file entry17.pdb (PDB, C-alpha atoms)
MODEL        1
ATOM      1  CA  MET A   8       0.162  27.391 -27.384
ATOM      2  CA  ALA A   9      -3.164  26.849 -29.139
ATOM      3  CA  ILE A  10      -4.315  23.293 -29.693
ATOM      4  CA  ALA A  11      -6.015  22.540 -32.982
ATOM      5  CA  ASP A  12      -9.499  21.091 -32.968
ATOM      6  CA  ASP A  13      -9.265  17.316 -33.438
ATOM      7  CA  GLY A  14     -12.603  17.078 -35.184
ATOM      8  CA  LEU A  15     -14.083  14.558 -32.765
ATOM      9  CA  LEU A  16     -17.816  14.181 -32.443
ATOM     10  CA  PRO A  17     -19.433  15.117 -29.111
ATOM     11  CA  ALA A  18     -19.994  11.459 -28.188
ATOM     12  CA  GLU A  19     -16.364  10.712 -28.896
ATOM     13  CA  ALA A  20     -15.121  13.786 -27.056
ATOM     14  CA  SER A  21     -17.009  12.845 -23.909
ATOM     15  CA  GLU A  22     -15.175   9.517 -23.602
ATOM     16  CA  PRO A  23     -11.666  10.037 -25.017
ATOM     17  CA  GLU A  24      -9.526   6.963 -25.532
ATOM     18  CA  PRO A  25      -6.251   6.965 -23.552
ATOM     19  CA  GLU A  26      -3.283   8.063 -25.642
ATOM     20  CA  ALA A  27      -1.095   5.175 -24.526
ATOM     21  CA  ALA A  28      -3.700   2.618 -25.586
ATOM     22  CA  ARG A  29      -4.044   4.305 -28.968
ATOM     23  CA  GLN A  30      -0.295   4.123 -29.496
ATOM     24  CA  ASP A  31      -0.149   0.484 -28.407
ATOM     25  CA  LEU A  32      -2.878  -0.454 -30.837
ATOM     26  CA  GLY A  33      -1.408   1.670 -33.611
ATOM     27  CA  LEU A  34      -4.700   3.506 -34.218
ATOM     28  CA  THR A  35      -4.802   6.489 -36.559
ATOM     29  CA  ARG A  36      -5.545   9.792 -34.799
ATOM     30  CA  ARG A  37      -7.618  12.325 -36.656
ATOM     31  CA  SER A  38      -5.834  15.186 -34.959
ATOM     32  CA  ASN A  39      -2.418  13.679 -35.769
ATOM     33  CA  PRO A  40      -2.784  11.406 -38.810
ATOM     34  CA  GLU A  41       0.993  11.014 -39.262
ATOM     35  CA  ALA A  42       1.510  10.022 -35.596
ATOM     36  CA  ARG A  43       4.079  12.777 -35.136
ATOM     37  CA  MET A  44       5.562  13.396 -31.700
ATOM     38  CA  PRO A  45       8.540  15.351 -30.306
ATOM     39  CA  LEU A  46      11.964  13.750 -30.146
ATOM     40  CA  MET A  47      11.919  13.525 -26.351
ATOM     41  CA  GLU A  48       8.568  11.722 -26.479
ATOM     42  CA  HIS A  49      10.084   9.220 -28.902
ATOM     43  CA  LEU A  50      13.017   8.680 -26.567
ATOM     44  CA  ARG A  51      10.731   8.222 -23.546
ATOM     45  CA  GLU A  52       8.606   5.768 -25.488
ATOM     46  CA  LEU A  53      11.715   3.862 -26.565
ATOM     47  CA  ARG A  54      12.991   3.790 -22.994
ATOM     48  CA  ASN A  55       9.707   2.410 -21.671
ATOM     49  CA  ARG A  56       9.593  -0.277 -24.350
ATOM     50  CA  LEU A  57      13.205  -1.284 -23.699
ATOM     51  CA  VAL A  58      12.602  -1.493 -19.945
ATOM     52  CA  LYS A  59       9.588  -3.763 -20.449
ATOM     53  CA  ALA A  60      11.466  -5.941 -22.943
ATOM     54  CA  ALA A  61      14.483  -6.193 -20.611
ATOM     55  CA  ALA A  62      12.225  -7.139 -17.688
ATOM     56  CA  ALA A  63      10.592  -9.876 -19.764
ATOM     57  CA  LEU A  64      14.013 -11.134 -20.895
ATOM     58  CA  THR A  65      15.216 -11.202 -17.281
ATOM     59  CA  VAL A  66      12.220 -13.245 -16.148
ATOM     60  CA  GLY A  67      12.664 -15.592 -19.099
ATOM     61  CA  SER A  68      16.375 -15.995 -18.307
ATOM     62  CA  VAL A  69      15.552 -16.911 -14.716
ATOM     63  CA  ILE A  70      13.208 -19.595 -16.014
ATOM     64  CA  GLY A  71      15.948 -20.706 -18.420
ATOM     65  CA  TRP A  72      18.377 -20.986 -15.486
ATOM     66  CA  VAL A  73      15.928 -23.261 -13.674
ATOM     67  CA  VAL A  74      15.272 -25.532 -16.661
ATOM     68  CA  TYR A  75      18.941 -25.467 -17.768
ATOM     69  CA  PRO A  76      19.567 -29.254 -17.323
ATOM     70  CA  TRP A  77      16.716 -30.179 -19.677
ATOM     71  CA  VAL A  78      17.678 -27.493 -22.197
ATOM     72  CA  TRP A  79      21.311 -28.593 -22.220
ATOM     73  CA  ASN A  80      20.345 -32.236 -22.760
ATOM     74  CA  PHE A  81      18.227 -31.114 -25.702
ATOM     75  CA  VAL A  82      21.088 -29.031 -27.165
ATOM     76  CA  LYS A  83      23.717 -31.771 -26.943
ATOM     77  CA  ALA A  84      21.406 -34.579 -28.152
ATOM     78  CA  PRO A  85      22.600 -34.421 -31.812
ATOM     79  CA  TYR A  86      26.224 -34.774 -30.648
ATOM     80  CA  CYS A  87      25.362 -37.706 -28.386
ATOM     81  CA  ARG A  88      23.499 -39.491 -31.176
ATOM     82  CA  ALA A  89      26.487 -39.031 -33.467
ATOM     83  CA  GLN A  90      28.800 -40.329 -30.730
ATOM     84  CA  VAL A  91      26.663 -43.432 -30.245
ATOM     85  CA  LYS A  92      26.916 -44.289 -33.943
ATOM     86  CA  THR A  93      30.631 -43.474 -34.093
ATOM     87  CA  LEU A  94      31.423 -45.560 -31.000
ATOM     88  CA  ALA A  95      29.396 -48.461 -32.374
ATOM     89  CA  VAL A  96      31.598 -48.449 -35.482
ATOM     90  CA  ALA A  97      34.766 -48.111 -33.406
ATOM     91  CA  ALA A  98      33.734 -51.017 -31.168
ATOM     92  CA  VAL A  99      34.170 -53.391 -34.081
ATOM     93  CA  HIS A 100      37.868 -52.451 -34.354
ATOM     94  CA  SER A 101      38.972 -51.809 -30.768
ATOM     95  CA  ALA A 102      36.625 -53.170 -28.123
ATOM     96  CA  GLY A 103      37.309 -51.938 -24.610
ATOM     97  CA  SER A 104      39.170 -48.742 -25.609
ATOM     98  CA  LEU A 105      36.278 -46.438 -26.300
ATOM     99  CA  GLY A 106      36.713 -44.002 -23.402
ATOM    100  CA  PRO A 107      33.889 -41.893 -21.928
ATOM    101  CA  HIS A 108      30.654 -41.646 -23.861
ATOM    102  CA  CYS A 109      29.221 -38.350 -25.168
ATOM    103  CA  GLN A 110      31.891 -36.115 -23.665
ATOM    104  CA  LEU A 111      32.284 -32.397 -24.347
ATOM    105  CA  TYR A 112      35.156 -30.475 -22.782
ATOM    106  CA  PHE A 113      35.698 -27.098 -21.119
ATOM    107  CA  SER A 114      38.836 -25.041 -21.691
ATOM    108  CA  GLY A 115      38.629 -22.731 -18.657
ATOM    109  CA  VAL A 116      37.577 -22.542 -15.023
ATOM    110  CA  PHE A 117      34.729 -20.083 -15.650
ATOM    111  CA  ASP A 118      33.428 -21.842 -18.758
ATOM    112  CA  PRO A 119      30.757 -23.896 -16.895
ATOM    113  CA  LEU A 120      29.289 -20.658 -15.483
ATOM    114  CA  PHE A 121      29.421 -18.890 -18.858
ATOM    115  CA  LEU A 122      27.804 -21.882 -20.538
ATOM    116  CA  ARG A 123      24.897 -21.880 -18.096
ATOM    117  CA  LEU A 124      24.457 -18.116 -18.524
ATOM    118  CA  GLN A 125      24.578 -18.425 -22.300
ATOM    119  CA  ILE A 126      22.031 -21.235 -22.427
ATOM    120  CA  SER A 127      19.770 -19.498 -19.880
ATOM    121  CA  ILE A 128      19.755 -16.183 -21.779
ATOM    122  CA  ALA A 129      19.091 -17.932 -25.093
ATOM    123  CA  ALA A 130      16.217 -19.894 -23.553
ATOM    124  CA  GLY A 131      14.932 -16.708 -21.908
ATOM    125  CA  ALA A 132      14.938 -14.871 -25.243
ATOM    126  CA  ILE A 133      12.802 -17.610 -26.757
ATOM    127  CA  ILE A 134      10.430 -17.798 -23.769
ATOM    128  CA  SER A 135       9.945 -14.016 -23.616
ATOM    129  CA  SER A 136       9.799 -13.508 -27.396
ATOM    130  CA  PRO A 137       6.032 -12.727 -27.438
ATOM    131  CA  VAL A 138       6.611  -9.847 -25.002
ATOM    132  CA  TRP A 139       9.639  -8.171 -26.581
ATOM    133  CA  LEU A 140       8.303  -8.711 -30.098
ATOM    134  CA  TYR A 141       5.104  -6.963 -29.063
ATOM    135  CA  GLN A 142       7.093  -4.096 -27.517
ATOM    136  CA  LEU A 143       9.048  -3.708 -30.743
ATOM    137  CA  TRP A 144       5.874  -3.726 -32.808
ATOM    138  CA  ALA A 145       4.096  -1.273 -30.476
ATOM    139  CA  PHE A 146       6.979   1.181 -30.906
ATOM    140  CA  ILE A 147       7.086   0.911 -34.709
ATOM    141  CA  ALA A 148       3.397   0.499 -35.597
ATOM    142  CA  PRO A 149       2.166   4.079 -34.929
ATOM    143  CA  GLY A 150       4.528   5.393 -37.619
ATOM    144  CA  LEU A 151       3.410   2.942 -40.303
ATOM    145  CA  TYR A 152       0.648   3.292 -42.836
ATOM    146  CA  ARG A 153      -2.093   0.675 -42.970
ATOM    147  CA  ARG A 154      -0.591  -1.011 -46.041
ATOM    148  CA  GLU A 155       2.857  -1.134 -44.417
ATOM    149  CA  ARG A 156       1.310  -2.795 -41.374
ATOM    150  CA  ARG A 157      -0.249  -5.482 -43.549
ATOM    151  CA  TRP A 158       3.131  -6.131 -45.105
ATOM    152  CA  ALA A 159       4.717  -6.358 -41.639
ATOM    153  CA  TYR A 160       2.044  -8.814 -40.461
ATOM    154  CA  PHE A 161       2.603 -10.947 -43.550
ATOM    155  CA  PHE A 162       6.402 -10.883 -43.248
ATOM    156  CA  VAL A 163       6.546 -11.733 -39.527
ATOM    157  CA  GLY A 164       3.723 -14.272 -39.769
ATOM    158  CA  ALA A 165       5.551 -16.133 -42.544
ATOM    159  CA  ALA A 166       9.206 -15.588 -41.543
ATOM    160  CA  ILE A 167       8.967 -17.047 -38.028
ATOM    161  CA  PRO A 168       7.320 -20.389 -39.006
ATOM    162  CA  LEU A 169       9.646 -20.806 -42.009
ATOM    163  CA  PHE A 170      12.722 -20.197 -39.874
ATOM    164  CA  ALA A 171      11.414 -22.608 -37.233
ATOM    165  CA  VAL A 172      10.873 -25.356 -39.825
ATOM    166  CA  GLY A 173      14.390 -24.862 -41.204
ATOM    167  CA  ALA A 174      15.918 -24.918 -37.724
ATOM    168  CA  THR A 175      14.004 -28.111 -36.881
ATOM    169  CA  ILE A 176      15.357 -29.864 -39.966
ATOM    170  CA  ALA A 177      18.858 -28.623 -39.098
ATOM    171  CA  TYR A 178      18.533 -30.070 -35.587
ATOM    172  CA  PHE A 179      17.984 -33.559 -36.970
ATOM    173  CA  ALA A 180      20.502 -33.144 -39.825
ATOM    174  CA  MET A 181      23.315 -32.193 -37.428
ATOM    175  CA  THR A 182      23.708 -35.797 -36.290
ATOM    176  CA  ARG A 183      24.729 -37.019 -39.746
ATOM    177  CA  GLY A 184      27.099 -34.099 -40.213
ATOM    178  CA  LEU A 185      28.775 -34.659 -36.842
ATOM    179  CA  GLN A 186      28.997 -38.374 -37.459
ATOM    180  CA  TRP A 187      30.843 -37.826 -40.728
ATOM    181  CA  LEU A 188      33.160 -35.177 -39.263
ATOM    182  CA  LEU A 189      34.063 -37.344 -36.262
ATOM    183  CA  HIS A 190      34.594 -40.337 -38.538
ATOM    184  CA  LEU A 191      37.492 -38.432 -40.149
ATOM    185  CA  THR A 192      39.495 -38.645 -36.887
ATOM    186  CA  PRO A 193      42.603 -40.832 -37.469
ATOM    187  CA  ALA A 194      42.765 -44.126 -35.591
ATOM    188  CA  ASP A 195      45.762 -43.107 -33.468
ATOM    189  CA  THR A 196      44.316 -39.754 -32.313
ATOM    190  CA  THR A 197      41.536 -38.553 -30.008
ATOM    191  CA  ALA A 198      39.193 -35.682 -30.826
ATOM    192  CA  LEU A 199      38.583 -33.389 -27.853
ATOM    193  CA  ILE A 200      35.432 -31.482 -28.794
ATOM    194  CA  PHE A 201      35.141 -28.299 -26.737
ATOM    195  CA  ILE A 202      31.706 -26.995 -25.868
ATOM    196  CA  ASN A 203      32.249 -23.619 -27.518
ATOM    197  CA  THR A 204      33.184 -25.341 -30.779
ATOM    198  CA  TYR A 205      30.090 -27.511 -30.694
ATOM    199  CA  LEU A 206      27.797 -24.567 -29.890
ATOM    200  CA  SER A 207      29.284 -22.557 -32.783
ATOM    201  CA  TYR A 208      28.662 -25.472 -35.130
ATOM    202  CA  ALA A 209      25.076 -25.922 -33.910
ATOM    203  CA  ALA A 210      24.301 -22.184 -34.159
ATOM    204  CA  ALA A 211      25.732 -22.025 -37.687
ATOM    205  CA  MET A 212      23.660 -25.006 -38.823
ATOM    206  CA  LEU A 213      20.441 -23.619 -37.326
ATOM    207  CA  LEU A 214      21.080 -20.196 -38.871
ATOM    208  CA  ILE A 215      21.955 -21.550 -42.330
ATOM    209  CA  PHE A 216      18.932 -23.843 -42.540
ATOM    210  CA  GLY A 217      16.617 -21.198 -41.094
ATOM    211  CA  LEU A 218      17.742 -18.496 -43.537
ATOM    212  CA  ALA A 219      17.577 -20.912 -46.480
ATOM    213  CA  PHE A 220      13.881 -21.409 -45.783
ATOM    214  CA  GLU A 221      13.377 -17.633 -46.058
ATOM    215  CA  ILE A 222      14.247 -17.664 -49.794
ATOM    216  CA  PRO A 223      10.591 -18.126 -50.918
ATOM    217  CA  LEU A 224       9.547 -15.229 -48.698
ATOM    218  CA  VAL A 225      12.155 -12.992 -50.356
ATOM    219  CA  ILE A 226      10.795 -13.988 -53.780
ATOM    220  CA  VAL A 227       7.247 -13.130 -52.738
ATOM    221  CA  LEU A 228       8.286  -9.761 -51.291
ATOM    222  CA  LEU A 229      10.221  -8.865 -54.454
ATOM    223  CA  ASN A 230       7.134  -9.656 -56.502
ATOM    224  CA  MET A 231       4.862  -7.623 -54.232
ATOM    225  CA  ALA A 232       7.291  -4.709 -54.560
ATOM    226  CA  GLY A 233       7.125  -4.955 -58.368
ATOM    227  CA  VAL A 234      10.786  -5.973 -58.793
ATOM    228  CA  LEU A 235      10.322  -9.632 -59.811
ATOM    229  CA  THR A 236       7.649 -10.688 -62.290
ATOM    230  CA  HIS A 237       6.644 -14.229 -63.187
ATOM    231  CA  ALA A 238       8.173 -13.835 -66.670
ATOM    232  CA  ARG A 239      11.565 -13.102 -65.132
ATOM    233  CA  PHE A 240      11.180 -15.852 -62.558
ATOM    234  CA  ARG A 241      10.309 -18.375 -65.280
ATOM    235  CA  LYS A 242      13.460 -17.350 -67.151
ATOM    236  CA  TRP A 243      15.627 -17.837 -64.037
ATOM    237  CA  ARG A 244      13.880 -20.934 -62.612
ATOM    238  CA  ARG A 245      16.574 -23.447 -63.561
ATOM    239  CA  LEU A 246      19.325 -21.183 -62.253
ATOM    240  CA  ILE A 247      17.476 -20.637 -58.959
ATOM    241  CA  ILE A 248      16.938 -24.376 -58.422
ATOM    242  CA  PHE A 249      20.590 -25.064 -59.285
ATOM    243  CA  LEU A 250      21.738 -22.422 -56.796
ATOM    244  CA  VAL A 251      19.510 -23.958 -54.096
ATOM    245  CA  PHE A 252      21.116 -27.378 -54.583
ATOM    246  CA  ALA A 253      24.602 -25.827 -54.732
ATOM    247  CA  PHE A 254      23.892 -23.940 -51.499
ATOM    248  CA  ALA A 255      22.717 -27.147 -49.820
ATOM    249  CA  ALA A 256      25.749 -29.091 -51.024
ATOM    250  CA  ILE A 257      28.202 -26.459 -49.756
ATOM    251  CA  PHE A 258      26.701 -25.710 -46.357
ATOM    252  CA  THR A 259      25.756 -29.213 -45.230
ATOM    253  CA  PRO A 260      28.889 -30.700 -43.636
ATOM    254  CA  SER A 261      28.067 -34.304 -44.458
ATOM    255  CA  PRO A 262      28.871 -35.389 -48.040
ATOM    256  CA  ASP A 263      26.055 -37.940 -48.192
ATOM    257  CA  PRO A 264      23.154 -36.985 -50.473
ATOM    258  CA  LEU A 265      20.525 -37.420 -47.739
ATOM    259  CA  SER A 266      21.749 -34.420 -45.733
ATOM    260  CA  MET A 267      21.835 -32.269 -48.844
ATOM    261  CA  LEU A 268      18.334 -33.350 -49.856
ATOM    262  CA  LEU A 269      16.997 -32.573 -46.364
ATOM    263  CA  LEU A 270      17.824 -28.928 -47.071
ATOM    264  CA  ALA A 271      17.432 -28.696 -50.849
ATOM    265  CA  VAL A 272      14.121 -30.507 -51.448
ATOM    266  CA  PRO A 273      11.988 -28.492 -48.973
ATOM    267  CA  CYS A 274      13.552 -25.256 -50.273
ATOM    268  CA  VAL A 275      12.733 -26.190 -53.877
ATOM    269  CA  VAL A 276       9.151 -27.054 -52.904
ATOM    270  CA  LEU A 277       8.793 -23.685 -51.183
ATOM    271  CA  VAL A 278      10.323 -21.896 -54.177
ATOM    272  CA  GLU A 279       7.779 -23.552 -56.474
ATOM    273  CA  ALA A 280       4.998 -22.513 -54.082
ATOM    274  CA  ALA A 281       6.360 -18.963 -54.237
ATOM    275  CA  GLU A 282       6.247 -19.171 -58.044
ATOM    276  CA  VAL A 283       2.556 -20.058 -57.890
ATOM    277  CA  PHE A 284       1.961 -16.984 -55.732
ATOM    278  CA  VAL A 285       3.965 -14.805 -58.139
ATOM    279  CA  TRP A 286       1.957 -16.140 -61.103
ATOM    280  CA  ALA A 287      -1.379 -15.518 -59.375
ATOM    281  CA  ASN A 288      -0.337 -12.042 -58.205
ATOM    282  CA  ASP A 289       0.825 -11.078 -61.715
ATOM    283  CA  ARG A 290      -2.491 -12.218 -63.172
ATOM    284  CA  ARG A 291      -4.332 -10.100 -60.625
ATOM    285  CA  ARG A 292      -2.191  -7.095 -61.495
ATOM    286  CA  ALA A 293      -2.587  -7.667 -65.223
ATOM    287  CA  LYS A 294      -6.359  -7.349 -64.890
ATOM    288  CA  ALA A 295      -5.932  -3.954 -63.231
ATOM    289  CA  GLY A 296      -3.243  -2.611 -65.581
ATOM    290  CA  SER A 297       0.275  -3.084 -66.906
ATOM    291  CA  LEU A 298       2.841  -5.019 -64.901
ATOM    292  CA  GLU A 299       5.732  -2.897 -66.167
ATOM    293  CA  PHE A 300       3.877   0.366 -65.469
ATOM    294  CA  PRO A 301       1.645  -0.106 -62.396
ATOM    295  CA  GLY A 302      -1.375   2.163 -62.340
ATOM    296  CA  MET A 303      -1.550   2.472 -66.129
ATOM    297  CA  THR A 304      -3.780   0.407 -68.402
ATOM    298  CA  HIS A 305      -2.484  -1.337 -71.523
ATOM    299  CA  ASP A 306      -4.222   1.271 -73.721
ATOM    300  CA  GLU A 307      -2.390   4.088 -71.925
ATOM    301  CA  VAL A 308       0.950   2.296 -72.267
ATOM    302  CA  THR A 309       0.353   1.854 -76.022
ATOM    303  CA  ARG A 310      -0.880   5.425 -76.479
ATOM    304  CA  TYR A 311       2.290   6.912 -74.968
ATOM    305  CA  GLY A 312       4.591   4.466 -76.770
ATOM    306  CA  LEU A 313       6.045   3.057 -73.562
ATOM    307  CA  GLU A 314       5.960  -0.541 -74.739
ATOM    308  CA  ASP A 315       8.606   0.123 -77.444
ATOM    309  CA  PRO A 316      12.298   0.723 -76.646
ATOM    310  CA  LEU A 317      13.586   4.249 -77.049
ATOM    311  CA  GLY A 318      15.782   3.213 -79.975
ATOM    312  CA  GLU A 319      12.807   1.871 -81.912
ATOM    313  CA  GLN A 320      10.843   5.065 -81.222
ATOM    314  CA  ALA A 321      13.723   7.172 -82.508
ATOM    315  CA  GLY A 322      13.981   5.018 -85.665
ATOM    316  CA  ALA A 323      10.255   5.363 -86.284
ATOM    317  CA  THR A 324      10.428   9.182 -86.083
ATOM    318  CA  LYS A 325      13.183   9.259 -88.693
TER     319      LYS A 325
ENDMDL
END
call {"tool": "encode", "arguments": {"input": "entry17.pdb", "output": "structure tokens"}}
result
Amino acid sequence: MAIADDGLLPAEASEPEPEAARQDLGLTRRSNPEARMPLMEHLRELRNRLVKAAAALTVGSVIGWVVYPWVWNFVKAPYCRAQVKTLAVAAVHSAGSLGPHCQLYFSGVFDPLFLRLQISIAAGAIISSPVWLYQLWAFIAPGLYRRERRWAYFFVGAAIPLFAVGATIAYFAMTRGLQWLLHLTPADTTALIFINTYLSYAAAMLLIFGLAFEIPLVIVLLNMAGVLTHARFRKWRRLIIFLVFAFAAIFTPSPDPLSMLLLAVPCVVLVEAAEVFVWANDRRRAKAGSLEFPGMTHDEVTRYGLEDPLGEQAGATK
């Protein structure tokens, strides 16, 4: 099978760059500008990336197993803070009958082992995230165009910090939510909080707050894709802000306004910052051409009659 000339200069041909390094860096090859490769090569590449990511996750999980006591104390801290406040209120009514402090319960013999495995794997995924994220990117990048790579850099570089900020706020807001939920326990009953229930509640809170902080990023991406303009955003601003507050009121378990504001106010600030970006990006696009018809100037839009609805054009011809 003949191999096509790759067009390299003599100096470049004398010192060829290794193919694996070129794929890792996502460099464009002159001989293969679309980064095409056979299906089996794709599968081998995927296998190698998965093996490296699994090895990194295994090492991270081992580290998570070692540091499990500190991680578990960090995870249960919001529940313990809520228990301290709840017990302090209960002490006023029934001193001496408080029972054990900051207790979570297992429902099975193997649950302590499963809990340690679960916490260790979660901690390992966080510790090894730079490695497996790089492996994922190194597998996808060779098939992307330069503009698509810039979009990916922007999305990942903004999504991870925003999610982390939302999860951090959720970590401190969980105490007030747990305090209110535990306060609903009747005086003649005892709430046995199982560990699985508490972990599900904590994961849901972290996920809800983290995803809520991604709303401004979605707005920016819709604008960059040409779907959402500043004129439309300005028309829907009040509805968007109302929906943000409604979302915060529904998904924060505590009915007090402070917990709702902890989620709603930062989201509204980020939405307004996204509006500023949308406004600036639309102004930049308007200088280059029409927003409704990218790539065409205003004179071209007027010349072809695209700025008038079809019904008005038909009426004018009659």
call {"tool": "atom_distance", "arguments": {"input": "entry17.pdb", "atom1": "atom CA of Tyr112 of chain A", "atom2": "atom CA of Leu199 of chain A"}}
result
6.8 Å
call {"tool": "resolve_selection", "arguments": {"input": "entry17.pdb", "expression": "the PyMOL selection byres ((chain A and resi 177) around 12)", "output": "VMD selection string"}}
result
chain A and resid 85 170 to 176 178 to 185 208 to 220 255 258 to 260 266 to 271
call {"tool": "write_last_selection", "arguments": {"input": "entry17.pdb", "atoms": "C-alpha atoms", "output": "PDB file, keeping the file's coordinate frame"}}
result
ATOM      1  CA  PRO A  85      22.600 -34.421 -31.812  1.00  0.00           C
ATOM      2  CA  PHE A 170      12.722 -20.197 -39.874  1.00  0.00           C
ATOM      3  CA  ALA A 171      11.414 -22.608 -37.233  1.00  0.00           C
ATOM      4  CA  VAL A 172      10.873 -25.356 -39.825  1.00  0.00           C
ATOM      5  CA  GLY A 173      14.390 -24.862 -41.204  1.00  0.00           C
ATOM      6  CA  ALA A 174      15.918 -24.918 -37.724  1.00  0.00           C
ATOM      7  CA  THR A 175      14.004 -28.111 -36.881  1.00  0.00           C
ATOM      8  CA  ILE A 176      15.357 -29.864 -39.966  1.00  0.00           C
ATOM      9  CA  TYR A 178      18.533 -30.070 -35.587  1.00  0.00           C
ATOM     10  CA  PHE A 179      17.984 -33.559 -36.970  1.00  0.00           C
ATOM     11  CA  ALA A 180      20.502 -33.144 -39.825  1.00  0.00           C
ATOM     12  CA  MET A 181      23.315 -32.193 -37.428  1.00  0.00           C
ATOM     13  CA  THR A 182      23.708 -35.797 -36.290  1.00  0.00           C
ATOM     14  CA  ARG A 183      24.729 -37.019 -39.746  1.00  0.00           C
ATOM     15  CA  GLY A 184      27.099 -34.099 -40.213  1.00  0.00           C
ATOM     16  CA  LEU A 185      28.775 -34.659 -36.842  1.00  0.00           C
ATOM     17  CA  TYR A 208      28.662 -25.472 -35.130  1.00  0.00           C
ATOM     18  CA  ALA A 209      25.076 -25.922 -33.910  1.00  0.00           C
ATOM     19  CA  ALA A 210      24.301 -22.184 -34.159  1.00  0.00           C
ATOM     20  CA  ALA A 211      25.732 -22.025 -37.687  1.00  0.00           C
ATOM     21  CA  MET A 212      23.660 -25.006 -38.823  1.00  0.00           C
ATOM     22  CA  LEU A 213      20.441 -23.619 -37.326  1.00  0.00           C
ATOM     23  CA  LEU A 214      21.080 -20.196 -38.871  1.00  0.00           C
ATOM     24  CA  ILE A 215      21.955 -21.550 -42.330  1.00  0.00           C
ATOM     25  CA  PHE A 216      18.932 -23.843 -42.540  1.00  0.00           C
ATOM     26  CA  GLY A 217      16.617 -21.198 -41.094  1.00  0.00           C
ATOM     27  CA  LEU A 218      17.742 -18.496 -43.537  1.00  0.00           C
ATOM     28  CA  ALA A 219      17.577 -20.912 -46.480  1.00  0.00           C
ATOM     29  CA  PHE A 220      13.881 -21.409 -45.783  1.00  0.00           C
ATOM     30  CA  ALA A 255      22.717 -27.147 -49.820  1.00  0.00           C
ATOM     31  CA  PHE A 258      26.701 -25.710 -46.357  1.00  0.00           C
ATOM     32  CA  THR A 259      25.756 -29.213 -45.230  1.00  0.00           C
ATOM     33  CA  PRO A 260      28.889 -30.700 -43.636  1.00  0.00           C
ATOM     34  CA  SER A 266      21.749 -34.420 -45.733  1.00  0.00           C
ATOM     35  CA  MET A 267      21.835 -32.269 -48.844  1.00  0.00           C
ATOM     36  CA  LEU A 268      18.334 -33.350 -49.856  1.00  0.00           C
ATOM     37  CA  LEU A 269      16.997 -32.573 -46.364  1.00  0.00           C
ATOM     38  CA  LEU A 270      17.824 -28.928 -47.071  1.00  0.00           C
ATOM     39  CA  ALA A 271      17.432 -28.696 -50.849  1.00  0.00           C
TER      40      ALA A 271
END
call {"tool": "residues_near_point", "arguments": {"input": "entry17.pdb", "point": "(33.8, -35.7, -29.4)", "cutoff": "8 Å", "atoms": "all atoms listed in the file", "output": "number ranges by chain"}}
result
A: 86, 90, 109-111, 189, 198-201
call {"tool": "atom_distance", "arguments": {"input": "entry17.pdb", "atom1": "atom CA of Lys59 of chain A", "atom2": "atom CA of Ile128 of chain A"}}
result
16.1 Å
call {"tool": "closest_residue", "arguments": {"input": "entry17.pdb", "among": "A:Pro223, A:His49, A:Ala256, A:Arg54", "to": "Ala166 of chain A", "atoms": "all atoms listed in the file"}}
result
A:Pro223
call {"tool": "atom_distance", "arguments": {"input": "entry17.pdb", "atom1": "atom CA of Asn288 of chain A", "atom2": "atom CA of Phe254 of chain A"}}
result
27.8 Å
call {"tool": "residues_near_point", "arguments": {"input": "entry17.pdb", "point": "(14.1, -4.5, -26.7)", "cutoff": "6 Å", "atoms": "only C-alpha atoms", "output": "list in words"}}
result
Leu57, Ala60 and Trp139 of chain A
call {"tool": "resolve_selection", "arguments": {"input": "entry17.pdb", "expression": "the PyMOL selection byres ((chain A and resi 56) around 10)", "output": "ChimeraX atom specification"}}
result
/A:50-55,57-62,139,141-146
call {"tool": "build_atoms", "arguments": {"input": "entry17.pdb", "residues": "segment 238-246 of chain A", "atoms": "N, CA and C atoms", "output": "short mmCIF file (atom, residue, chain, number, x, y, z; two decimals), in the frame of the given file"}}
result
data_model
loop_
_atom_site.label_atom_id
_atom_site.label_comp_id
_atom_site.auth_asym_id
_atom_site.auth_seq_id
_atom_site.Cartn_x
_atom_site.Cartn_y
_atom_site.Cartn_z
N ALA A 238 7.41 -13.62 -65.44
CA ALA A 238 8.17 -13.84 -66.67
C ALA A 238 9.67 -13.92 -66.36
N ARG A 239 10.15 -13.04 -65.51
CA ARG A 239 11.56 -13.10 -65.13
C ARG A 239 11.86 -14.34 -64.30
N PHE A 240 10.96 -14.66 -63.39
CA PHE A 240 11.18 -15.85 -62.56
C PHE A 240 11.23 -17.11 -63.43
N ARG A 241 10.33 -17.21 -64.41
CA ARG A 241 10.31 -18.38 -65.28
C ARG A 241 11.61 -18.49 -66.06
N LYS A 242 12.20 -17.35 -66.42
CA LYS A 242 13.46 -17.35 -67.15
C LYS A 242 14.61 -17.81 -66.27
N TRP A 243 14.53 -17.50 -64.97
CA TRP A 243 15.63 -17.84 -64.04
C TRP A 243 15.35 -19.08 -63.21
N ARG A 244 14.26 -19.82 -63.48
CA ARG A 244 13.88 -20.93 -62.61
C ARG A 244 14.99 -21.98 -62.49
N ARG A 245 15.54 -22.41 -63.61
CA ARG A 245 16.57 -23.45 -63.56
C ARG A 245 17.79 -22.97 -62.79
N LEU A 246 18.17 -21.71 -62.98
CA LEU A 246 19.32 -21.18 -62.25
C LEU A 246 19.04 -21.12 -60.76
#
